[in-house]
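The file protein04.cif contains mmCIF, C-alpha atoms:
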```cif
data_work
#
loop_
_atom_site.group_PDB
_atom_site.id
_atom_site.type_symbol
_atom_site.label_atom_id
_atom_site.label_comp_id
_atom_site.auth_asym_id
_atom_site.auth_seq_id
_atom_site.Cartn_x
_atom_site.Cartn_y
_atom_site.Cartn_z
ATOM 1 C CA LEU U 1 -10.460 4.898 -16.696
ATOM 2 C CA CYS U 2 -8.867 6.285 -13.546
ATOM 3 C CA ALA U 3 -8.634 4.442 -10.215
ATOM 4 C CA TRP U 4 -7.951 6.588 -7.156
ATOM 5 C CA PRO U 5 -6.520 4.684 -4.167
ATOM 6 C CA SER U 6 -5.518 6.372 -0.924
ATOM 7 C CA GLY U 7 -2.553 8.697 -1.289
ATOM 8 C CA LEU U 8 -1.245 7.655 2.131
ATOM 9 C CA GLY U 9 -2.046 3.950 2.116
ATOM 10 C CA SER U 10 0.484 1.146 1.785
ATOM 11 C CA LEU U 11 1.156 -0.578 -1.519
ATOM 12 C CA TRP U 12 -0.893 -3.578 -0.351
ATOM 13 C CA ASP U 13 -3.873 -1.450 0.699
ATOM 14 C CA ARG U 14 -3.693 0.677 -2.447
ATOM 15 C CA ALA U 15 -3.517 -2.411 -4.666
ATOM 16 C CA CYS U 16 -6.604 -3.851 -2.950
ATOM 17 C CA GLU U 17 -8.455 -0.579 -3.435
ATOM 18 C CA MET U 18 -7.493 -0.527 -7.106
ATOM 19 C CA PHE U 19 -8.705 -4.092 -7.652
ATOM 20 C CA PHE U 20 -12.191 -3.360 -6.326
ATOM 21 C CA GLN U 21 -12.380 0.073 -7.935
ATOM 22 C CA ILE U 22 -11.820 -1.611 -11.294
ATOM 23 C CA LYS U 23 -13.632 -4.917 -10.752
ATOM 24 C CA GLY U 24 -16.347 -3.645 -8.423
ATOM 25 C CA GLY U 25 -17.349 -4.740 -4.926
ATOM 26 C CA THR U 26 -16.366 -4.041 -1.327
ATOM 27 C CA VAL U 27 -12.654 -3.578 -0.740
ATOM 28 C CA ASP U 28 -11.224 -6.573 1.112
ATOM 29 C CA PHE U 29 -7.737 -5.986 2.522
ATOM 30 C CA GLY U 30 -7.479 -9.626 3.585
ATOM 31 C CA GLN U 31 -8.018 -11.083 7.043
ATOM 32 C CA GLU U 32 -4.371 -11.864 7.838
ATOM 33 C CA HIS U 33 -3.112 -8.497 6.622
ATOM 34 C CA SER U 34 -5.814 -6.527 8.465
ATOM 35 C CA GLU U 35 -5.273 -8.365 11.753
ATOM 36 C CA ARG U 36 -1.530 -7.918 11.510
ATOM 37 C CA TYR U 37 -1.719 -4.137 11.080
ATOM 38 C CA GLY U 38 -4.773 -3.461 13.221
ATOM 39 C CA HIS U 39 -7.272 -1.960 10.802
ATOM 40 C CA SER U 40 -10.663 -3.093 9.506
ATOM 41 C CA ARG U 41 -10.686 -5.850 6.927
ATOM 42 C CA PHE U 42 -13.261 -4.213 4.670
ATOM 43 C CA GLY U 43 -13.336 -0.781 3.099
ATOM 44 C CA ARG U 44 -15.540 1.123 0.693
ATOM 45 C CA THR U 45 -17.827 -0.380 -1.945
ATOM 46 C CA TYR U 46 -17.426 0.483 -5.626
ATOM 47 C CA PRO U 47 -19.657 -0.200 -8.663
ATOM 48 C CA GLY U 48 -16.620 -1.091 -10.785
ATOM 49 C CA LEU U 49 -14.957 0.805 -13.624
ATOM 50 C CA PHE U 50 -14.603 -2.394 -15.678
ATOM 51 C CA PRO U 51 -16.518 -5.312 -14.103
ATOM 52 C CA GLU U 52 -15.654 -7.526 -17.081
ATOM 53 C CA TRP U 53 -11.987 -7.500 -16.061
ATOM 54 C CA SER U 54 -10.468 -10.988 -16.294
ATOM 55 C CA ALA U 55 -7.680 -12.956 -17.964
ATOM 56 C CA THR U 56 -9.683 -12.890 -21.201
ATOM 57 C CA ASN U 57 -10.347 -9.144 -20.768
ATOM 58 C CA PRO U 58 -6.993 -7.900 -19.445
ATOM 59 C CA VAL U 59 -6.144 -4.271 -18.803
ATOM 60 C CA HIS U 60 -3.229 -1.921 -19.381
ATOM 61 C CA LEU U 61 -2.150 -0.311 -16.088
ATOM 62 C CA VAL U 62 -0.406 3.072 -15.899
ATOM 63 C CA GLY U 63 0.852 4.517 -12.621
ATOM 64 C CA HIS U 64 2.783 7.640 -11.644
ATOM 65 C CA SER U 65 5.236 7.695 -8.713
ATOM 66 C CA LEU U 66 3.871 5.417 -5.972
ATOM 67 C CA GLY U 67 1.135 4.472 -8.417
ATOM 68 C CA GLY U 68 3.790 2.715 -10.480
ATOM 69 C CA THR U 69 4.854 0.452 -7.634
ATOM 70 C CA THR U 70 1.199 0.008 -6.651
ATOM 71 C CA ILE U 71 0.289 -1.543 -10.002
ATOM 72 C CA ARG U 72 3.268 -3.901 -9.738
ATOM 73 C CA VAL U 73 1.975 -5.059 -6.354
ATOM 74 C CA LEU U 74 -1.529 -5.358 -7.809
ATOM 75 C CA GLN U 75 -0.272 -7.748 -10.486
ATOM 76 C CA HIS U 76 1.593 -9.694 -7.799
ATOM 77 C CA LEU U 77 -1.586 -10.060 -5.733
ATOM 78 C CA LEU U 78 -3.490 -11.138 -8.836
ATOM 79 C CA GLY U 79 -0.802 -13.708 -9.589
ATOM 80 C CA THR U 80 -0.912 -15.133 -6.058
ATOM 81 C CA ASN U 81 -4.734 -15.307 -5.873
ATOM 82 C CA ALA U 82 -4.794 -12.917 -2.935
ATOM 83 C CA PHE U 83 -8.391 -11.755 -3.462
ATOM 84 C CA GLU U 84 -10.698 -14.158 -1.651
ATOM 85 C CA GLY U 85 -13.637 -15.284 -3.776
ATOM 86 C CA TYR U 86 -11.926 -14.482 -7.077
ATOM 87 C CA GLU U 87 -9.871 -16.711 -9.365
ATOM 88 C CA THR U 88 -7.208 -14.339 -10.609
ATOM 89 C CA SER U 89 -3.838 -14.539 -12.321
ATOM 90 C CA ALA U 90 -1.070 -12.221 -13.495
ATOM 91 C CA ASP U 91 -2.578 -12.562 -16.980
ATOM 92 C CA TRP U 92 -5.263 -10.078 -15.948
ATOM 93 C CA VAL U 93 -2.654 -7.398 -16.748
ATOM 94 C CA LEU U 94 -1.514 -6.979 -20.335
ATOM 95 C CA SER U 95 0.978 -4.165 -19.748
ATOM 96 C CA ILE U 96 2.415 -2.063 -16.934
ATOM 97 C CA THR U 97 3.655 1.484 -17.530
ATOM 98 C CA THR U 98 5.308 3.326 -14.655
ATOM 99 C CA ILE U 99 6.125 7.036 -14.598
ATOM 100 C CA ASN U 100 8.817 8.254 -12.164
ATOM 101 C CA ALA U 101 8.139 5.263 -9.899
ATOM 102 C CA PRO U 102 10.454 4.413 -6.968
ATOM 103 C CA HIS U 103 11.056 0.763 -7.934
ATOM 104 C CA ASN U 104 14.112 0.664 -5.682
ATOM 105 C CA GLY U 105 12.948 3.080 -3.011
ATOM 106 C CA SER U 106 14.028 6.625 -2.230
ATOM 107 C CA LEU U 107 16.243 8.413 0.287
ATOM 108 C CA THR U 108 13.511 11.016 0.693
ATOM 109 C CA ALA U 109 11.623 8.627 2.983
ATOM 110 C CA TYR U 110 14.533 8.784 5.449
ATOM 111 C CA ALA U 111 15.026 12.509 4.980
ATOM 112 C CA LEU U 112 11.419 13.020 6.052
ATOM 113 C CA GLY U 113 11.781 10.904 9.185
ATOM 114 C CA GLU U 114 12.065 7.133 8.640
ATOM 115 C CA LYS U 115 14.791 5.828 10.944
ATOM 116 C CA GLU U 116 17.698 4.638 8.828
ATOM 117 C CA ALA U 117 18.562 1.637 10.989
ATOM 118 C CA ALA U 118 15.085 0.928 12.347
ATOM 119 C CA ALA U 119 12.515 1.649 9.634
ATOM 120 C CA PRO U 120 9.511 1.830 9.807
ATOM 121 C CA GLN U 121 10.084 3.642 13.112
ATOM 122 C CA VAL U 122 9.900 7.417 12.685
ATOM 123 C CA VAL U 123 11.973 10.171 14.314
ATOM 124 C CA LYS U 124 9.784 12.235 16.631
ATOM 125 C CA LEU U 125 9.052 15.792 15.410
ATOM 126 C CA SER U 126 10.513 14.995 11.987
ATOM 127 C CA PRO U 127 8.572 16.284 8.948
ATOM 128 C CA GLY U 128 7.066 12.823 8.442
ATOM 129 C CA HIS U 129 5.993 12.538 12.085
ATOM 130 C CA VAL U 130 4.418 16.006 12.036
ATOM 131 C CA LEU U 131 2.641 15.296 8.747
ATOM 132 C CA GLY U 132 1.325 11.998 10.097
ATOM 133 C CA SER U 133 0.021 13.740 13.225
ATOM 134 C CA VAL U 134 -1.715 16.392 11.118
ATOM 135 C CA VAL U 135 -3.343 13.742 8.906
ATOM 136 C CA HIS U 136 -4.491 11.768 11.966
ATOM 137 C CA THR U 137 -5.977 14.930 13.480
ATOM 138 C CA LEU U 138 -7.832 15.819 10.267
ATOM 139 C CA CYS U 139 -9.172 12.269 9.996
ATOM 140 C CA PHE U 140 -10.231 12.359 13.663
ATOM 141 C CA LEU U 141 -12.194 15.554 13.010
ATOM 142 C CA ASN U 142 -13.504 14.097 9.749
ATOM 143 C CA LEU U 143 -12.156 17.067 7.787
ATOM 144 C CA LYS U 144 -11.208 17.088 4.113
ATOM 145 C CA PRO U 145 -8.897 20.043 3.407
ATOM 146 C CA LEU U 146 -9.705 21.535 -0.009
ATOM 147 C CA GLY U 147 -11.959 18.531 -0.553
ATOM 148 C CA TYR U 148 -9.077 16.035 -0.427
ATOM 149 C CA ASP U 149 -10.164 12.580 0.742
ATOM 150 C CA PHE U 150 -7.451 10.666 2.616
ATOM 151 C CA SER U 151 -9.413 7.396 2.105
ATOM 152 C CA LEU U 152 -8.282 5.982 5.443
ATOM 153 C CA ASP U 153 -11.721 4.859 6.656
ATOM 154 C CA HIS U 154 -10.466 1.344 7.436
ATOM 155 C CA TRP U 155 -8.171 2.777 10.127
ATOM 156 C CA ASN U 156 -11.230 4.049 12.072
ATOM 157 C CA LEU U 157 -9.544 7.316 13.005
ATOM 158 C CA SER U 158 -12.676 9.501 12.959
ATOM 159 C CA PHE U 159 -14.578 10.229 16.179
ATOM 160 C CA ARG U 160 -17.651 9.078 14.270
ATOM 161 C CA GLU U 161 -16.207 5.568 14.032
ATOM 162 C CA THR U 162 -15.391 5.342 17.753
ATOM 163 C CA SER U 163 -16.178 8.186 20.137
ATOM 164 C CA TRP U 164 -14.711 11.548 21.084
ATOM 165 C CA ILE U 165 -12.934 10.099 24.098
ATOM 166 C CA GLY U 166 -11.744 6.906 22.370
ATOM 167 C CA GLY U 167 -10.658 8.773 19.236
ATOM 168 C CA MET U 168 -8.867 11.455 21.261
ATOM 169 C CA MET U 169 -6.992 8.861 23.316
ATOM 170 C CA LEU U 170 -5.875 7.138 20.116
ATOM 171 C CA LEU U 171 -4.763 10.472 18.660
ATOM 172 C CA LEU U 172 -2.762 11.403 21.760
ATOM 173 C CA ARG U 173 -1.172 7.949 21.855
ATOM 174 C CA SER U 174 -0.186 8.305 18.206
ATOM 175 C CA VAL U 175 1.323 11.775 18.654
ATOM 176 C CA LEU U 176 3.082 11.203 21.970
ATOM 177 C CA TRP U 177 4.092 7.554 21.731
ATOM 178 C CA LYS U 178 3.568 5.417 18.662
ATOM 179 C CA SER U 179 1.279 5.780 15.653
ATOM 180 C CA GLU U 180 0.140 2.503 14.088
ATOM 181 C CA LEU U 181 -0.724 4.517 10.989
ATOM 182 C CA VAL U 182 2.724 6.074 10.539
ATOM 183 C CA GLU U 183 5.188 3.925 12.497
ATOM 184 C CA ASP U 184 4.496 0.551 10.956
ATOM 185 C CA GLU U 185 4.953 -1.055 7.551
ATOM 186 C CA ASP U 186 1.396 -0.414 6.338
ATOM 187 C CA ASN U 187 1.708 3.101 4.910
ATOM 188 C CA ALA U 188 2.933 4.937 1.822
ATOM 189 C CA ALA U 189 5.950 6.564 3.499
ATOM 190 C CA TYR U 190 7.502 3.246 4.489
ATOM 191 C CA ASP U 191 6.686 1.712 1.097
ATOM 192 C CA ALA U 192 8.673 4.497 -0.569
ATOM 193 C CA SER U 193 11.768 3.509 1.408
ATOM 194 C CA ILE U 194 14.667 1.352 0.261
ATOM 195 C CA HIS U 195 13.894 -1.089 3.084
ATOM 196 C CA SER U 196 10.395 -1.743 1.800
ATOM 197 C CA MET U 197 11.111 -1.868 -1.926
ATOM 198 C CA ARG U 198 13.953 -4.319 -1.351
ATOM 199 C CA GLU U 199 11.428 -6.667 0.279
ATOM 200 C CA TRP U 200 8.705 -6.040 -2.289
ATOM 201 C CA ASN U 201 11.109 -6.723 -5.154
ATOM 202 C CA LYS U 202 11.982 -10.034 -3.505
ATOM 203 C CA LYS U 203 8.305 -10.965 -3.189
ATOM 204 C CA ILE U 204 7.336 -9.917 -6.699
ATOM 205 C CA GLY U 205 10.387 -11.507 -8.268
ATOM 206 C CA GLU U 206 10.898 -11.646 -12.014
ATOM 207 C CA ALA U 207 8.711 -9.825 -14.495
ATOM 208 C CA HIS U 208 5.709 -11.802 -15.762
ATOM 209 C CA SER U 209 6.578 -13.421 -19.083
ATOM 210 C CA GLN U 210 3.295 -12.383 -20.757
ATOM 211 C CA THR U 211 3.218 -8.748 -19.612
ATOM 212 C CA TYR U 212 4.793 -5.769 -21.348
ATOM 213 C CA TYR U 213 6.680 -3.391 -19.041
ATOM 214 C CA LEU U 214 7.547 0.226 -19.748
ATOM 215 C CA SER U 215 9.134 2.718 -17.350
ATOM 216 C CA LEU U 216 9.179 6.429 -18.142
ATOM 217 C CA VAL U 217 12.102 8.119 -16.390
ATOM 218 C CA GLY U 218 12.701 11.798 -15.744
ATOM 219 C CA ASP U 219 14.605 14.270 -13.620
ATOM 220 C CA ALA U 220 14.052 17.813 -12.443
ATOM 221 C CA SER U 221 17.194 19.308 -13.953
ATOM 222 C CA ASP U 222 15.068 21.877 -15.809
ATOM 223 C CA ALA U 223 12.618 22.486 -12.949
ATOM 224 C CA ASN U 224 13.948 26.003 -12.442
ATOM 225 C CA THR U 225 13.523 26.904 -16.115
ATOM 226 C CA PHE U 226 10.559 29.200 -16.643
ATOM 227 C CA ASN U 227 9.125 29.013 -20.168
ATOM 228 C CA PRO U 228 5.435 29.912 -19.949
ATOM 229 C CA GLU U 229 3.185 30.017 -22.962
ATOM 230 C CA PRO U 230 2.272 33.504 -24.194
ATOM 231 C CA MET U 231 -0.615 34.934 -22.201
ATOM 232 C CA GLY U 232 -3.949 34.641 -23.986
ATOM 233 C CA PRO U 233 -6.490 37.453 -24.225
ATOM 234 C CA GLY U 234 -8.875 38.416 -21.443
ATOM 235 C CA LEU U 235 -9.351 37.254 -17.879
ATOM 236 C CA LYS U 236 -9.216 33.556 -18.780
ATOM 237 C CA GLY U 237 -5.789 33.985 -20.399
ATOM 238 C CA PHE U 238 -4.478 35.892 -17.376
ATOM 239 C CA ALA U 239 -5.799 33.196 -14.992
ATOM 240 C CA ALA U 240 -4.082 30.477 -17.019
ATOM 241 C CA TYR U 241 -0.829 32.443 -17.028
ATOM 242 C CA LEU U 242 -1.065 33.047 -13.261
ATOM 243 C CA LEU U 243 -1.635 29.319 -12.686
ATOM 244 C CA ILE U 244 1.538 28.516 -14.638
ATOM 245 C CA VAL U 245 3.523 31.005 -12.531
ATOM 246 C CA VAL U 246 2.162 29.577 -9.253
ATOM 247 C CA GLN U 247 2.933 26.031 -10.383
ATOM 248 C CA TRP U 248 6.494 27.013 -11.302
ATOM 249 C CA VAL U 249 7.111 28.789 -7.978
ATOM 250 C CA PHE U 250 5.662 25.870 -5.982
ATOM 251 C CA ARG U 251 7.668 23.342 -7.972
ATOM 252 C CA ARG U 252 10.882 25.278 -7.531
ATOM 253 C CA VAL U 253 10.426 25.738 -3.775
ATOM 254 C CA PHE U 254 9.127 22.198 -3.211
ATOM 255 C CA LEU U 255 11.834 20.423 -5.205
ATOM 256 C CA THR U 256 14.612 22.604 -3.776
ATOM 257 C CA LEU U 257 13.451 21.839 -0.227
ATOM 258 C CA LEU U 258 13.211 18.111 -0.913
ATOM 259 C CA GLU U 259 16.650 17.989 -2.486
ATOM 260 C CA TRP U 260 18.124 19.885 0.465
ATOM 261 C CA LEU U 261 16.485 17.528 2.965
ATOM 262 C CA THR U 262 17.584 14.469 1.002
ATOM 263 C CA PHE U 263 21.171 15.255 0.073
ATOM 264 C CA ARG U 264 22.367 17.091 3.196
ATOM 265 C CA ARG U 265 23.013 13.774 5.022
ATOM 266 C CA ASP U 266 25.477 10.950 4.446
ATOM 267 C CA TYR U 267 23.120 8.183 5.719
ATOM 268 C CA ALA U 268 25.844 6.394 7.706
ATOM 269 C CA GLU U 269 23.324 4.287 9.650
ATOM 270 C CA LEU U 270 21.521 3.313 6.453
ATOM 271 C CA LYS U 271 24.789 2.122 4.946
ATOM 272 C CA LYS U 272 25.259 -0.184 7.931
ATOM 273 C CA ALA U 273 21.650 -1.400 7.821
ATOM 274 C CA LEU U 274 21.720 -2.080 4.069
ATOM 275 C CA PRO U 275 25.368 -2.867 3.261
ATOM 276 C CA GLU U 276 24.461 -4.545 -0.045
ATOM 277 C CA VAL U 277 22.904 -1.323 -1.378
ATOM 278 C CA ASP U 278 25.146 1.247 -3.072
ATOM 279 C CA LEU U 279 23.728 4.541 -1.846
ATOM 280 C CA ARG U 280 25.634 6.444 -4.524
ATOM 281 C CA ASP U 281 22.909 5.270 -6.904
ATOM 282 C CA TYR U 282 20.422 7.251 -4.822
ATOM 283 C CA LYS U 283 22.237 10.570 -5.083
ATOM 284 C CA GLY U 284 22.196 11.021 -8.844
ATOM 285 C CA PRO U 285 19.746 12.958 -11.042
ATOM 286 C CA SER U 286 16.210 12.799 -9.691
ATOM 287 C CA ASP U 287 12.721 14.226 -10.083
ATOM 288 C CA GLY U 288 13.052 15.688 -6.585
ATOM 289 C CA LEU U 289 11.790 12.535 -4.889
ATOM 290 C CA CYS U 290 13.243 9.606 -6.765
ATOM 291 C CA THR U 291 16.523 9.130 -8.638
ATOM 292 C CA VAL U 292 16.726 8.018 -12.250
ATOM 293 C CA PHE U 293 18.358 4.799 -11.026
ATOM 294 C CA SER U 294 15.312 3.906 -8.942
ATOM 295 C CA GLN U 295 12.868 4.858 -11.678
ATOM 296 C CA GLN U 296 14.348 2.629 -14.368
ATOM 297 C CA PHE U 297 13.431 -0.905 -13.272
ATOM 298 C CA PRO U 298 13.459 -3.114 -10.136
ATOM 299 C CA SER U 299 16.950 -4.235 -9.149
ATOM 300 C CA ILE U 300 17.632 -4.259 -5.385
ATOM 301 C CA GLY U 301 16.477 -7.387 -3.595
ATOM 302 C CA LEU U 302 16.540 -9.503 -6.749
ATOM 303 C CA GLU U 303 18.919 -12.438 -7.073
ATOM 304 C CA THR U 304 18.562 -12.304 -10.852
ATOM 305 C CA PRO U 305 18.377 -8.749 -12.244
ATOM 306 C CA CYS U 306 15.376 -7.907 -14.399
ATOM 307 C CA GLU U 307 16.020 -8.064 -18.118
ATOM 308 C CA SER U 308 15.933 -4.517 -19.408
ATOM 309 C CA ALA U 309 16.319 -2.750 -22.742
ATOM 310 C CA ASN U 310 16.025 0.717 -24.208
ATOM 311 C CA MET U 311 12.745 1.608 -25.877
ATOM 312 C CA PRO U 312 12.931 0.320 -29.482
ATOM 313 C CA ASP U 313 12.194 2.689 -32.360
ATOM 314 C CA ASN U 314 9.441 0.324 -33.465
ATOM 315 C CA VAL U 315 7.004 -0.584 -30.677
ATOM 316 C CA ASP U 316 6.335 -3.873 -32.456
ATOM 317 C CA GLN U 317 9.814 -4.896 -31.331
ATOM 318 C CA MET U 318 8.904 -4.659 -27.641
ATOM 319 C CA ARG U 319 9.096 -7.995 -25.830
ATOM 320 C CA PRO U 320 6.954 -9.105 -22.883
ATOM 321 C CA GLY U 321 8.750 -9.749 -19.616
ATOM 322 C CA VAL U 322 11.392 -7.083 -20.353
ATOM 323 C CA TRP U 323 11.577 -3.665 -18.722
#
```
Conversion result in structure tokens:
Amino acid sequence: LCAWPSGLGSLWDRACEMFFQIKGGTVDFGQEHSERYGHSRFGRTYPGLFPEWSATNPVHLVGHSLGGTTIRVLQHLLGTNAFEGYETSADWVLSITTINAPHNGSLTAYALGEKEAAAPQVVKLSPGHVLGSVVHTLCFLNLKPLGYDFSLDHWNLSFRETSWIGGMMLLLRSVLWKSELVEDEDNAAYDASIHSMREWNKKIGEAHSQTYYLSLVGDASDANTFNPEPMGPGLKGFAAYLLIVVQWVFRRVFLTLLEWLTFRRDYAELKKALPEVDLRDYKGPSDGLCTVFSQQFPSIGLETPCESANMPDNVDQMRPGVW
């Protein structure tokens, strides 16, 4: 079963969306949270992928990249009874598997525009600011490029939710002055930063003693290697081969650009803002967005480091509560 939260939403918002996509019902982001960040409390309504979900019918959660940190936050919200009207616990999750997840944040967030000493503020005309403005404009016009749904209804950005004049004024304010969507703590870009993950790791704390944790770590050291499968016969084989070539070219250009943006700076202001963080850990092998160090297990922000171990040869030897 596949849940599909907003690709641009914060970890909190994404976790709430995941809960109701799995359990069923109308997404409730929480009154306090919604008032604090200025968006609607309620979102879309879902029939539920697994309405029977409970402590006696727990689930295995798997998340890639920001999805990995999202499912950690989801278990935290379950464990703190954050969903009004539901009696939940961390026992609703039997295992958590993360794939290339930024458990300790990423420098890429700052390379794209987060201010090193004043996150979540964003540098004007930075790639992140421009991207945020484009997304806001598309949402205002109610457009879905290539069918992609930003799932930001609760921000009421569309002219259909307000009016042309009201929506346009909000858009201009966001582009020229401050965007509540981009320049606050309630978005995916900030939650990929070291600032945010340090705070989330503090809130989440130690691993749950009854949950199995597995992190799959990788880097892009072979991203420039081109080893396509032999082309099959006919038009279908040629189309498949062409898709592989396009994917390889995009990956090479995309990862090269990200690495250049990320590693061209020394992050002097970030070092002053986060003196307890060793930024050398964030300049090692990475998947283009997140270093191997950050992918392994949560560490920054924790007084007691998570217990971790290499994957045993026999899965029966895995222990709950250990990354």
Within 12 Å of Ser106 in chain U using all atoms listed in the file, minus same-chain residues under 3 positions, as an mmCIF file with C-alpha atoms, in the frame of the given file:
```
data_model
loop_
_atom_site.group_PDB
_atom_site.id
_atom_site.type_symbol
_atom_site.label_atom_id
_atom_site.label_comp_id
_atom_site.auth_asym_id
_atom_site.auth_seq_id
_atom_site.Cartn_x
_atom_site.Cartn_y
_atom_site.Cartn_z
ATOM 1 C CA SER U 65 5.236 7.695 -8.713
ATOM 2 C CA LEU U 66 3.871 5.417 -5.972
ATOM 3 C CA ASN U 100 8.817 8.254 -12.164
ATOM 4 C CA ALA U 101 8.139 5.263 -9.899
ATOM 5 C CA PRO U 102 10.454 4.413 -6.968
ATOM 6 C CA HIS U 103 11.056 0.763 -7.934
ATOM 7 C CA ALA U 109 11.623 8.627 2.983
ATOM 8 C CA TYR U 110 14.533 8.784 5.449
ATOM 9 C CA ALA U 111 15.026 12.509 4.980
ATOM 10 C CA LEU U 112 11.419 13.020 6.052
ATOM 11 C CA GLU U 114 12.065 7.133 8.640
ATOM 12 C CA GLU U 116 17.698 4.638 8.828
ATOM 13 C CA ALA U 188 2.933 4.937 1.822
ATOM 14 C CA ALA U 189 5.950 6.564 3.499
ATOM 15 C CA TYR U 190 7.502 3.246 4.489
ATOM 16 C CA ASP U 191 6.686 1.712 1.097
ATOM 17 C CA ALA U 192 8.673 4.497 -0.569
ATOM 18 C CA SER U 193 11.768 3.509 1.408
ATOM 19 C CA ILE U 194 14.667 1.352 0.261
ATOM 20 C CA HIS U 195 13.894 -1.089 3.084
ATOM 21 C CA SER U 196 10.395 -1.743 1.800
ATOM 22 C CA MET U 197 11.111 -1.868 -1.926
ATOM 23 C CA ARG U 198 13.953 -4.319 -1.351
ATOM 24 C CA LEU U 258 13.211 18.111 -0.913
ATOM 25 C CA GLU U 259 16.650 17.989 -2.486
ATOM 26 C CA THR U 262 17.584 14.469 1.002
ATOM 27 C CA PHE U 263 21.171 15.255 0.073
ATOM 28 C CA LEU U 270 21.521 3.313 6.453
ATOM 29 C CA VAL U 277 22.904 -1.323 -1.378
ATOM 30 C CA LEU U 279 23.728 4.541 -1.846
ATOM 31 C CA ARG U 280 25.634 6.444 -4.524
ATOM 32 C CA ASP U 281 22.909 5.270 -6.904
ATOM 33 C CA TYR U 282 20.422 7.251 -4.822
ATOM 34 C CA LYS U 283 22.237 10.570 -5.083
ATOM 35 C CA GLY U 284 22.196 11.021 -8.844
ATOM 36 C CA SER U 286 16.210 12.799 -9.691
ATOM 37 C CA ASP U 287 12.721 14.226 -10.083
ATOM 38 C CA GLY U 288 13.052 15.688 -6.585
ATOM 39 C CA LEU U 289 11.790 12.535 -4.889
ATOM 40 C CA CYS U 290 13.243 9.606 -6.765
ATOM 41 C CA THR U 291 16.523 9.130 -8.638
ATOM 42 C CA VAL U 292 16.726 8.018 -12.250
ATOM 43 C CA PHE U 293 18.358 4.799 -11.026
ATOM 44 C CA SER U 294 15.312 3.906 -8.942
ATOM 45 C CA GLN U 295 12.868 4.858 -11.678
ATOM 46 C CA ILE U 300 17.632 -4.259 -5.385
#
```
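For Gly79 in chain U, the residues within 12 Å (counting all atoms listed in the file, excluding itself and residues fewer than 2 positions away along the chain) are Ala55, Arg72, Val73, Leu74, Gln75, His76, Leu77, Asn81, Ala82, Phe83, Tyr86, Glu87, Thr88, Ser89, Ala90, Asp91, Trp92, Val93, Lys203, Ile204, Gly205, Ala207, His208, Gln210 and Thr211 of chain U.
What separates CA of Thr56 in chain U from CA of Ile22 in chain U is a distance of 15.2 Å.
Listed by chain and then by number, the residues chosen by the PyMOL selection byres ((chain U and resi 156-173) around 10) in this file are U:Gly38, U:His39, U:Ser40, U:Ser133, U:Val135, U:His136, U:Thr137, U:Leu138, U:Cys139, U:Phe140, U:Leu141, U:Asn142, U:Leu143, U:Leu152, U:Asp153, U:His154, U:Trp155, U:Ser174, U:Val175, U:Leu176, U:Trp177, U:Lys178, U:Ser179, U:Glu180, U:Leu181.
Across U:Val122, U:Ala117, U:Cys16, U:Ile99, the tightest approach to Ala268 in chain U is made by U:Ala117 when counting only C-alpha atoms.
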Answer key for the PyMOL selection byres ((chain U and resi 18) around 9), residues as a PyMOL selection string
chain U and resi 3-5+13-17+19-23+27+70-71+74
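Distances here use all atoms listed in the file; by that measure, the residue among U:Gly63, U:Gly132, U:Pro305, U:Pro285 closest to Phe150 in chain U is U:Gly132.
Interatomic distance, CA of Val322 in chain U to CA of Thr80 in chain U: 20.5 Å.
Note that the spacing between CA of Val217 in chain U and CA of Thr98 in chain U amounts to 8.5 Å.
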Glu307 in chain U: which residues within 12 Å, counting all atoms listed in the file, same-chain residues fewer than 5 positions away excluded, as a ChimeraX atom specification?
/U:205-209,212-214,296-299,302,319-323
With 3 Å of padding per side, what axis-aligned box (centre and edge lengths, Å, one decimal) covers all the listed atoms of range 58-62 of chain U? Give it as JSON.
```
{"center_x": -3.7, "center_y": -2.4, "center_z": -17.7, "size_x": 12.6, "size_y": 17.0, "size_z": 9.5}
```
Let me make sure I understand: among U:Lys271, U:Lys115, U:Arg264, U:Lys202, which one has the smallest atom-to-atom distance to Thr304 in chain U if we use all atoms listed in the file?
U:Lys202
Identify which of the residues U:Ser6, U:Leu242, U:His60, U:Thr69 lies closest to Asn104 in chain U, counting only C-alpha atoms when measuring atom-to-atom distances.
U:Thr69
Please, which residues are within 6 Å of (-0.5, 5.9, 3.3) by the file's coordinates, counting all atoms listed in the file, and could they come as a PyMOL selection string?
chain U and resi 7-10+187-188
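Checking U:Gly48, U:Leu11, U:His33, U:Leu131 one by one against Trp200 in chain U, counting only C-alpha atoms, you find the shortest gap at U:Leu11.
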